[in-house]
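Trainee: Structure incoming, see below.
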Protein chains: 2
Amino acid sequence: MADTTPPATLLHIARAAGVSRSTASNVFSHPSRVRAEVCEKVRAVASSLGYSGPDPRGRLLRAGKIHAIGIIPPGKWGVADSLKNPVFFLQLLGISEVCDEVGASVLIIPDKRGSGGVQTALVDSFIFSRFDQLAEIESARLRRLPYVVMDADPGPDVNSVRVNARAGCHAAVRHLLDLGHRRFGIISFLREFGPPLFHPPGQQRKPDNAGMDIDQEKLRGYADALAGEGISIDDVPMVQAHPWERDAARLILEKAPEATAILTMSAMQGIRVMEEATLRGLLVPRDLSVVGFNDIPEAANSNPPLTTVDGMGTEKGRIAARIVLEHGPVRREVIETKLVVRSSTAQAPS
Amino acid sequence: MADTTPPATLLHIARAAGVSRSTASNVFSHPSRVRAEVCEKVRAVASSLGYSGPDPRGRLLRAGKIHAIGIIPPGKWGVADSLKNPVFFLQLLGISEVCDEVGASVLIIPDKRGSGGVQTALVDSFIFSRFDQLAEIESARLRRLPYVVMDADPGPDVNSVRVNARAGCHAAVRHLLDLGHRRFGIISFLREFGPPLFHPPGQQRKPDNAGMDIDQEKLRGYADALAGEGISIDDVPMVQAHPWERDAARLILEKAPEATAILTMSAMQGIRVMEEATLRGLLVPRDLSVVGFNDIPEAANSNPPLTTVDGMGTEKGRIAARIVLEHGPVRREVIETKLVVRSSTAQAPS
DNA sequence: GAATAAACTTGGATCGATCCAAAATGTGCG
DNA sequence: CGCACATTTTGGATCGATCCAAGTTTATTC
């Protein structure tokens, strides 16, 4: 399969056909400008020389447009890790849908080897799937390429799409309160409440909710709803864990043995809690209600199917893709969530 | 976010720093060749002008290497469709793993708008996930880029990775025969046995198994195993359908009411058959055994979990990626399958 | 201090194609 | 036939960076 003869270029074609480079170029890019017979002849020569149209590299340099969006997964995930993560995957699906419509491609740009991917990626815009890669975001800004940040709102000068996680989690807790639950347990990602952790790169720190993280919003949603019923979130047993940490489910059940409902910040954690509860002889939802966050396929297929807040990942991806494709004025979108009530929540045991 | 001033280029940096283009270039690409203080100065100027390193476009044109693999999904699938297909997804995972190791990226190149994607994609090799895109394969050959075809063996001059589906399906049927089954039903994709449907582009048609399709291999595996027990596959009721066609399950159960085991060519079809059987009051596997092909996650989570032939999709992807990355002499790999026995198969009812 | 070696810097050519203004060719009409 | 005008074709410049041979500066040594 290795072919060592140098590949044909436009110049070769032009020479062989007895026309100029420009004309040969026009044959492929602007056929209307070239006389039909010349066009035909050049095409014939081209195919006899095994030339299959202009090399994308040269064309790219000239045109500048690549027709590809780069998506940066959170943290140190590789491409394979990212694909395996159902929440990321939903976003990717939304992005891909929009890209399919306009014929653009999607490139997953992992940050495994430290910074650098964003600096050299062949794309013409970026979607940051989380606001945790400040160096990479700064690179995108420096490259003057449009970008959008998901699940955070870094400020008025930065495109963003986020989900109203606060309202979603509020609704989830409200749902449980309405079912009579009063004793809860929480598995959270973060316990930070105070000032925002992040601020937009290259800018002054914003005083308000700049960089507010989606997981903080979730906690606030819980807190708001609980407060409405006179419960302080500070009195609710809480375990902090990474989204896939297996121990968290066990820990929260030990720490909150009285709880009739467990609030979790991801669907996987919700499912883990149900598994752990079952192991301990608890029947979900009769003895224990569980809610998650994000409506990944696993949530619908779990046993019992999980009540969860639909984080609208696919829609978020769609909007993010449209924002960078349009490349208009700054947009800061907020998507409303939906509470998906399934069978992991029920009336509180009396 | 829109910045209208023209972006800085290497030339601007060089002028501003009082050095030549070449030196400025070396600062970024070969810092060792430049005196430390000059290096520092150029870097300072660069960052003050908002220059974040060499533009990948120019660099690419010069270097030629893109460090990306293009994968072409079957048929007319878009990117989103492809991602949603679990069999394709497994292959993609394997490819991504290998690409992560070497820092290459993966581009899904759909063929939605007819031919063209392969001609213009910015990649340096291609993986064809099926042998059904002859025009695209021809384009890859014309572009002189290495490529590999999955699930087919187009000939001695073409890289290929396929799975020994024949042996796998043979094993599946053997498993059922050992359980006492003698009356079968088949849901197939293709009923063609005769000469190969495809031949490698740009070459003479090969007489033997050139272009042998994986689905034909599956049928042959069934036929071989059945013949070993004196059963002709021509006497087995068969339904042909697309992989996701919902009706096939119903049809085969109507057409083969006596069958104690149903052979299907995909896990999804196997799951559909189990669903349909359940609807009709049959208990799987007590009344009916079912086998599928490809070990997608759904197969493990179905009810009951599906006995299926592991098509080694991820491994196939890994090998395909390595083949095009190494770009050595032609390789024609065959991977052995594994029969994954779960709970959808049992002793034949007496 | 001059010869020699080493380190650093530079201009020009190059990658492959496209754009643009000017030149060549072809057409219509008085 | 000659002039204005439309259609094709062309050479040169350009996109942004890298490579290479040659030139310049600095350091080393006798």
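In the structure tokens, each chain is lettered A, B, ... as it comes, each chain's residues begin at 1, and ligands are numbered from 1 in order of appearance.
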With 12 Å as the limit and counting only C-alpha atoms (C1' of nucleotides), what residues in chain D lie close to chain B? Please list them as JSON, numbers by chain.

Mentor: {"D": [15, 16, 17, 18, 19, 20, 25, 26]}

Trainee: Pull out every residue of chain A that has at least one atom within 7 Å of chain B, counting only C-alpha atoms, and report them as a VMD selection string.

Mentor: chain A and resid 1 50 to 52 56 to 58 61 78 to 80 93 96 to 97 100 106 to 107 120 to 122 139 142 to 143 157 to 158 329 to 330

Trainee: Could those selected residues go to a file with C-alpha atoms, as a CSV table (one decimal), in the first residue's frame?

Mentor:
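After the write, selection.csv holds the following:
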```csv
chain,number,residue,atom,x,y,z
A,1,MET,CA,0.0,0.0,0.0
A,50,GLY,CA,-4.4,10.2,-9.8
A,51,TYR,CA,-5.2,13.6,-8.5
A,52,SER,CA,-8.4,13.7,-6.5
A,56,PRO,CA,-7.2,20.3,1.9
A,57,ARG,CA,-4.0,21.6,3.6
A,58,GLY,CA,-3.3,24.2,1.0
A,61,LEU,CA,-4.2,27.8,4.7
A,78,GLY,CA,-8.8,11.3,27.4
A,79,VAL,CA,-11.0,10.8,24.4
A,80,ALA,CA,-12.0,7.3,25.3
A,93,LEU,CA,-24.6,14.1,20.9
A,96,SER,CA,-22.9,16.4,16.8
A,97,GLU,CA,-26.5,16.9,15.7
A,100,ASP,CA,-24.2,17.2,11.1
A,106,VAL,CA,-16.3,17.6,15.9
A,107,LEU,CA,-12.9,17.1,17.5
A,120,THR,CA,-2.6,23.6,18.1
A,121,ALA,CA,-6.0,22.0,17.4
A,122,LEU,CA,-7.2,22.4,13.9
A,139,SER,CA,-5.5,29.8,25.0
A,142,LEU,CA,-5.5,34.2,22.6
A,143,ARG,CA,-6.1,32.4,19.4
A,157,ASP,CA,-17.9,38.9,27.8
A,158,VAL,CA,-17.9,35.1,27.5
A,329,PRO,CA,-22.7,38.7,19.9
A,330,VAL,CA,-22.1,37.2,23.2
```

Trainee: When the cut-off is 8 Å and we count only C-alpha atoms (C1' of nucleotides), which residues of chain C are near chain A, given as a list in words?

Mentor: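 Taking only C-alpha atoms (C1' of nucleotides) into account, DC15, DG16, DA17 and DT18 of chain C sit within 8 Å of chain A.
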
Trainee: Kindly export the residues of the current selection with N, CA and C atoms (P, O5', C5', C4', C3', O3' and C1' of nucleotides), as a PDB file, in the first residue's frame.

Mentor:
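What landed in result18.pdb:
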```
ATOM      1  P    DC C  15       7.839  22.597  -2.680  1.00  0.00           P
ATOM      2  O5'  DC C  15       6.675  22.320  -1.636  1.00  0.00           O
ATOM      3  C5'  DC C  15       6.899  21.583  -0.438  1.00  0.00           C
ATOM      4  C4'  DC C  15       5.729  21.787   0.494  1.00  0.00           C
ATOM      5  C3'  DC C  15       4.390  21.814  -0.241  1.00  0.00           C
ATOM      6  O3'  DC C  15       3.800  20.526  -0.185  1.00  0.00           O
ATOM      7  C1'  DC C  15       4.564  23.565   1.410  1.00  0.00           C
ATOM      8  P    DG C  16       3.296  19.928  -1.606  1.00  0.00           P
ATOM      9  O5'  DG C  16       1.910  20.662  -1.878  1.00  0.00           O
ATOM     10  C5'  DG C  16       0.814  20.413  -1.022  1.00  0.00           C
ATOM     11  C4'  DG C  16      -0.278  21.409  -1.356  1.00  0.00           C
ATOM     12  C3'  DG C  16      -0.676  21.432  -2.833  1.00  0.00           C
ATOM     13  O3'  DG C  16      -2.043  21.098  -2.918  1.00  0.00           O
ATOM     14  C1'  DG C  16      -0.351  23.636  -1.990  1.00  0.00           C
ATOM     15  P    DA C  17      -2.778  21.184  -4.307  1.00  0.00           P
ATOM     16  O5'  DA C  17      -3.558  22.556  -4.207  1.00  0.00           O
ATOM     17  C5'  DA C  17      -4.549  22.674  -3.214  1.00  0.00           C
ATOM     18  C4'  DA C  17      -4.822  24.122  -2.880  1.00  0.00           C
ATOM     19  C3'  DA C  17      -5.644  24.871  -3.933  1.00  0.00           C
ATOM     20  O3'  DA C  17      -6.935  25.107  -3.408  1.00  0.00           O
ATOM     21  C1'  DA C  17      -3.823  26.186  -3.074  1.00  0.00           C
ATOM     22  P    DT C  18      -8.089  25.737  -4.318  1.00  0.00           P
ATOM     23  O5'  DT C  18      -7.951  27.297  -4.011  1.00  0.00           O
ATOM     24  C5'  DT C  18      -8.202  27.754  -2.700  1.00  0.00           C
ATOM     25  C4'  DT C  18      -7.971  29.248  -2.637  1.00  0.00           C
ATOM     26  C3'  DT C  18      -8.863  30.063  -3.582  1.00  0.00           C
ATOM     27  O3'  DT C  18      -9.427  31.102  -2.817  1.00  0.00           O
ATOM     28  C1'  DT C  18      -6.598  30.657  -3.881  1.00  0.00           C
TER      29       DT C  18
END
```

Trainee: What's the 7 Å shell around Ser188 (chain A), counting only C-alpha atoms (C1' of nucleotides), without same-chain residues fewer than 4 positions away, as a list of chain:residue names?

Mentor: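 The residues that qualify are A:Met238, A:Val239, A:Gln240, A:Ala241, A:Thr264, A:Met265.
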
Trainee: Output as a list in words all residues of region 29-80 of chain A that backbone DSSP marks as strand (DSSP E or B).

Mentor: Ala68, Ile69, Gly70, Ile71 and Ile72 of chain A

Trainee: Would you mind writing down, as a ChimeraX atom specification, each residue of region 14-239 of chain A that DSSP on the backbone assigns to helix (DSSP H, G or I)?

Mentor: /A:14-17,21-29,31-33,36-48,56-63,79-84,86-102,117-120,134-142,165-178,214-228,233-235

Trainee: Okay, now the selection with C-alpha atoms, as an mmCIF file, in the first residue's frame?

Mentor:
```cif
data_model
loop_
_atom_site.group_PDB
_atom_site.id
_atom_site.type_symbol
_atom_site.label_atom_id
_atom_site.label_comp_id
_atom_site.auth_asym_id
_atom_site.auth_seq_id
_atom_site.Cartn_x
_atom_site.Cartn_y
_atom_site.Cartn_z
ATOM 1 C CA ALA A 14 -1.686 22.397 -14.851
ATOM 2 C CA ARG A 15 1.584 21.691 -16.631
ATOM 3 C CA ALA A 16 0.402 18.375 -17.977
ATOM 4 C CA ALA A 17 -2.788 19.949 -19.238
ATOM 5 C CA ARG A 21 -2.107 26.854 -11.972
ATOM 6 C CA SER A 22 -4.915 29.344 -11.628
ATOM 7 C CA THR A 23 -6.969 27.781 -14.343
ATOM 8 C CA ALA A 24 -6.444 24.344 -12.938
ATOM 9 C CA SER A 25 -7.490 25.662 -9.555
ATOM 10 C CA ASN A 26 -10.599 27.182 -11.057
ATOM 11 C CA VAL A 27 -11.536 23.887 -12.649
ATOM 12 C CA PHE A 28 -11.972 22.455 -9.183
ATOM 13 C CA SER A 29 -13.111 25.475 -7.219
ATOM 14 C CA PRO A 31 -15.728 25.554 -12.758
ATOM 15 C CA SER A 32 -18.024 28.224 -14.186
ATOM 16 C CA ARG A 33 -15.078 30.468 -14.852
ATOM 17 C CA ALA A 36 -16.148 23.674 -20.712
ATOM 18 C CA GLU A 37 -13.649 21.897 -22.923
ATOM 19 C CA VAL A 38 -10.675 23.099 -20.916
ATOM 20 C CA CYS A 39 -12.427 22.045 -17.792
ATOM 21 C CA GLU A 40 -12.969 18.598 -19.189
ATOM 22 C CA LYS A 41 -9.402 18.255 -20.350
ATOM 23 C CA VAL A 42 -7.961 19.284 -17.003
ATOM 24 C CA ARG A 43 -10.243 16.860 -15.246
ATOM 25 C CA ALA A 44 -9.118 14.088 -17.553
ATOM 26 C CA VAL A 45 -5.463 14.842 -16.957
ATOM 27 C CA ALA A 46 -6.082 15.040 -13.247
ATOM 28 C CA SER A 47 -7.698 11.669 -13.023
ATOM 29 C CA SER A 48 -5.030 10.095 -15.190
ATOM 30 C CA PRO A 56 -7.183 20.285 1.929
ATOM 31 C CA ARG A 57 -4.035 21.579 3.578
ATOM 32 C CA GLY A 58 -3.253 24.212 1.009
ATOM 33 C CA ARG A 59 -6.874 25.149 0.668
ATOM 34 C CA LEU A 60 -7.154 25.486 4.412
ATOM 35 C CA LEU A 61 -4.206 27.796 4.709
ATOM 36 C CA ARG A 62 -5.741 30.108 2.189
ATOM 37 C CA ALA A 63 -9.331 29.972 3.354
ATOM 38 C CA VAL A 79 -11.040 10.846 24.386
ATOM 39 C CA ALA A 80 -11.956 7.307 25.348
ATOM 40 C CA ASP A 81 -12.729 8.324 28.927
ATOM 41 C CA SER A 82 -14.898 11.131 27.664
ATOM 42 C CA LEU A 83 -16.874 8.919 25.363
ATOM 43 C CA LYS A 84 -17.499 6.511 28.198
ATOM 44 C CA PRO A 86 -22.647 9.337 29.794
ATOM 45 C CA VAL A 87 -23.106 12.955 30.844
ATOM 46 C CA PHE A 88 -20.389 14.181 28.539
ATOM 47 C CA PHE A 89 -21.739 11.888 25.873
ATOM 48 C CA LEU A 90 -25.167 13.497 25.930
ATOM 49 C CA GLN A 91 -23.612 16.893 25.351
ATOM 50 C CA LEU A 92 -21.491 15.487 22.564
ATOM 51 C CA LEU A 93 -24.609 14.110 20.915
ATOM 52 C CA GLY A 94 -26.236 17.523 20.862
ATOM 53 C CA ILE A 95 -23.137 19.135 19.432
ATOM 54 C CA SER A 96 -22.861 16.426 16.791
ATOM 55 C CA GLU A 97 -26.457 16.865 15.722
ATOM 56 C CA VAL A 98 -25.932 20.520 14.958
ATOM 57 C CA CYS A 99 -22.605 19.850 13.289
ATOM 58 C CA ASP A 100 -24.216 17.222 11.108
ATOM 59 C CA GLU A 101 -26.732 19.800 9.943
ATOM 60 C CA VAL A 102 -24.083 22.228 8.777
ATOM 61 C CA GLY A 117 -4.174 20.889 22.675
ATOM 62 C CA VAL A 118 -6.167 24.058 22.354
ATOM 63 C CA GLN A 119 -3.184 25.935 21.013
ATOM 64 C CA THR A 120 -2.606 23.599 18.134
ATOM 65 C CA LEU A 134 -8.657 28.117 32.775
ATOM 66 C CA ALA A 135 -5.361 27.781 30.940
ATOM 67 C CA GLU A 136 -7.075 26.208 27.968
ATOM 68 C CA ILE A 137 -9.778 28.834 27.914
ATOM 69 C CA GLU A 138 -7.105 31.497 27.953
ATOM 70 C CA SER A 139 -5.473 29.779 24.974
ATOM 71 C CA ALA A 140 -8.723 29.875 23.068
ATOM 72 C CA ARG A 141 -9.048 33.586 23.792
ATOM 73 C CA LEU A 142 -5.508 34.221 22.632
ATOM 74 C CA ALA A 165 -29.519 23.445 38.181
ATOM 75 C CA ARG A 166 -30.662 25.416 41.170
ATOM 76 C CA ALA A 167 -34.287 25.333 40.095
ATOM 77 C CA GLY A 168 -33.965 21.703 39.062
ATOM 78 C CA CYS A 169 -32.636 20.601 42.425
ATOM 79 C CA HIS A 170 -35.171 22.782 44.149
ATOM 80 C CA ALA A 171 -37.897 20.943 42.283
ATOM 81 C CA ALA A 172 -36.420 17.578 43.185
ATOM 82 C CA VAL A 173 -36.394 18.362 46.875
ATOM 83 C CA ARG A 174 -39.842 19.932 46.660
ATOM 84 C CA HIS A 175 -41.046 16.687 45.102
ATOM 85 C CA LEU A 176 -39.653 14.732 48.051
ATOM 86 C CA LEU A 177 -41.033 17.165 50.594
ATOM 87 C CA ASP A 178 -44.433 16.819 48.999
ATOM 88 C CA ILE A 214 -23.074 24.050 38.390
ATOM 89 C CA ASP A 215 -22.438 21.882 41.423
ATOM 90 C CA GLN A 216 -22.644 24.836 43.745
ATOM 91 C CA GLU A 217 -25.947 25.677 42.124
ATOM 92 C CA LYS A 218 -27.205 22.227 42.856
ATOM 93 C CA LEU A 219 -26.395 22.582 46.519
ATOM 94 C CA ARG A 220 -28.083 25.952 46.600
ATOM 95 C CA GLY A 221 -31.171 24.439 45.053
ATOM 96 C CA TYR A 222 -31.258 21.829 47.787
ATOM 97 C CA ALA A 223 -30.653 24.451 50.448
ATOM 98 C CA ASP A 224 -33.378 26.758 49.168
ATOM 99 C CA ALA A 225 -35.989 24.066 49.048
ATOM 100 C CA LEU A 226 -35.076 22.653 52.435
ATOM 101 C CA ALA A 227 -35.057 26.107 53.957
ATOM 102 C CA GLY A 228 -38.574 26.583 52.665
ATOM 103 C CA ILE A 233 -28.883 22.222 54.863
ATOM 104 C CA ASP A 234 -26.141 22.451 57.460
ATOM 105 C CA ASP A 235 -28.057 19.954 59.573
#
```

Trainee: Please identify all polymer residues within 9 Å of DT24 (chain D), counting only C-alpha atoms (C1' of nucleotides), omitting same-chain residues fewer than 4 positions from it, and present them as number ranges by chain.

Mentor: C: 8-10

Trainee: CA of Ala259 (chain B) to CA of Leu288 (chain B): how many Å, to one decimal?

Mentor: 7.6 Å

Trainee: Would you pick out the contacts of Val341 (chain B) at 9 Å or less, using only C-alpha atoms (C1' of nucleotides), so that residues sharing its chain but fewer than 4 positions from it are not included, and give the list as a compact mmCIF listing (two decimals) with C-alpha atoms, in the first residue's frame?

Mentor:
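Saved result, selection-v9.txt, follows:
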```txt
# COMPACT_ATOMS: atom_id res chain seq x y z
CA ALA B 172 -23.03 -20.09 19.19
CA HIS B 175 -23.65 -24.18 22.15
CA VAL B 291 -28.38 -15.63 20.86
CA LEU B 306 -28.26 -12.05 26.44
CA THR B 307 -25.99 -14.86 25.36
CA THR B 308 -24.05 -13.36 22.50
CA VAL B 309 -20.94 -13.66 20.39
CA THR B 345 -29.89 -19.72 26.48
```
